[in-house]
Amino acid sequence: MKSRFAIMLACAITSSLLGCSAKQPAFDPLHVVAGKVQRAGTPLAGGFLRFNPIPDKQEFIINSSVGADGAFKLTTVRTTDSKGERRPGAPAGEYSVVYTPDSPDQTAANPITLPQKVVIEAKENTLTLEVPAR
């Protein structure tokens with residue numbers, strides 16, 4: 001009787017775990033996206049970029065930190081992935097882009113939505129993003 005209960009419990013736990021992992025949204029094909037962030041032709045040092053798909057796909061976060069030379073390289077992660085599996089690139093499509101400058105106080109950081117939309121194509125993409133003056 002105890003072994004039957006143990007087997008049923010093991011099956012329930014296994015089914016539960018497999019069911020949870022099966023609910024993860026699949027990654028669309030991802031394409032390399034890299035480039036520079038600048039203002040008035042001058043690279044911006046540091047900060048953070050977030051690419052928001054149009055239409056929105058809340059199950060994924062597509063973002064990158066910005067290097068001291070203004071360089072970035074996008075990665076994609078599932079919002080529901082507790083392991084934080086981050087993959088290089090982004091799905092093809094149209095995006096709005098938000099740049100958040102570096103700030104010692106993250107509560108004081110003022111994100112800037114870029115006025116232009118960005119299209120990522122099903123190929124390697126090299127972008128130059130122009131951040132407007134404040």
# chains A, B, ... in the order shown; residues from 1 in each chain; ligands from 1
call {"tool": "residues_around", "arguments": {"residues": "region 124-134 of chain A", "least_positions_apart": "6", "cutoff": "8 Å", "atoms": "only C-alpha atoms", "output": "count of residues only"}}
result
15
call {"tool": "residues_around", "arguments": {"residues": "Glu85 (chain A)", "least_positions_apart": "4", "cutoff": "12 Å", "atoms": "only C-alpha atoms", "output": "JSON, numbers by chain"}}
result
{"A": [24, 26, 27, 60, 61, 75, 76, 77, 78, 79, 80, 81]}
call {"tool": "residues_around", "arguments": {"residues": "Tyr95 (chain A)", "least_positions_apart": "5", "cutoff": "7 Å", "atoms": "only C-alpha atoms", "output": "list in words"}}
result
Phe51, Asn52, Pro53, Ile54, Lys117, Val118 and Val119 of chain A
call {"tool": "atom_distance", "arguments": {"atom1": "CA of Gln116 (chain A)", "atom2": "CA of Gly70 (chain A)"}}
result
18.1 Å
call {"tool": "atom_distance", "arguments": {"atom1": "CA of Ser96 (chain A)", "atom2": "CA of Gly84 (chain A)"}}
result
23.1 Å
call {"tool": "closest_residue", "arguments": {"among": "A:Pro111, A:Pro101, A:Gly89, A:Pro55", "to": "Gly67 (chain A)", "atoms": "only C-alpha atoms"}}
result
A:Pro101
call {"tool": "residues_around", "arguments": {"residues": "Ala68 (chain A)", "least_positions_apart": "6", "cutoff": "8 Å", "atoms": "only C-alpha atoms", "output": "list in words"}}
result
Leu44, Ala45 and Gly46 of chain A
call {"tool": "write_last_selection", "arguments": {"atoms": "N, CA, C and O atoms", "output": "mmCIF file, in the first residue's frame"}}
result
data_model
loop_
_atom_site.group_PDB
_atom_site.id
_atom_site.type_symbol
_atom_site.label_atom_id
_atom_site.label_comp_id
_atom_site.auth_asym_id
_atom_site.auth_seq_id
_atom_site.Cartn_x
_atom_site.Cartn_y
_atom_site.Cartn_z
ATOM 1 N N LEU A 44 26.349 57.031 -26.934
ATOM 2 C CA LEU A 44 25.975 57.184 -25.522
ATOM 3 C C LEU A 44 26.634 56.085 -24.722
ATOM 4 O O LEU A 44 26.577 54.911 -25.099
ATOM 5 N N ALA A 45 27.246 56.450 -23.623
ATOM 6 C CA ALA A 45 27.965 55.489 -22.792
ATOM 7 C C ALA A 45 27.039 54.913 -21.737
ATOM 8 O O ALA A 45 26.502 55.642 -20.905
ATOM 9 N N GLY A 46 26.839 53.608 -21.784
ATOM 10 C CA GLY A 46 26.054 52.926 -20.757
ATOM 11 C C GLY A 46 24.560 53.064 -20.954
ATOM 12 O O GLY A 46 24.070 53.698 -21.874
#
call {"tool": "residues_around", "arguments": {"residues": "Ala122 (chain A)", "least_positions_apart": "3", "cutoff": "8 Å", "atoms": "only C-alpha atoms", "output": "JSON, numbers by chain"}}
result
{"A": [30, 31, 91, 92]}
call {"tool": "select_by_dssp", "arguments": {"residues": "chain A", "states": "alpha helix (DSSP H)", "output": "list in words"}}
result
Lys2, Ser3, Arg4, Phe5, Ala6, Ile7, Met8, Leu9, Ala10, Cys11, Ala12, Ile13, Thr14, Ser15, Ser16, Leu17, Leu18, Gly19, Cys20, Ser21 and Ala22 of chain A
call {"tool": "select_by_dssp", "arguments": {"residues": "chain A", "states": "strand (DSSP E or B)", "output": "PyMOL selection string"}}
result
chain A and resi 30-31+33-39+42-43+48-54+60-65+71-73+75-78+86-88+90-91+93-100+112-113+118-120+125-130
call {"tool": "closest_residue", "arguments": {"among": "A:Gly47, A:Leu74, A:Lys57, A:Thr42", "to": "Pro25 (chain A)", "atoms": "only C-alpha atoms"}}
result
A:Lys57
call {"tool": "atom_distance", "arguments": {"atom1": "CA of Phe48 (chain A)", "atom2": "CA of Asp28 (chain A)"}}
result
23.0 Å
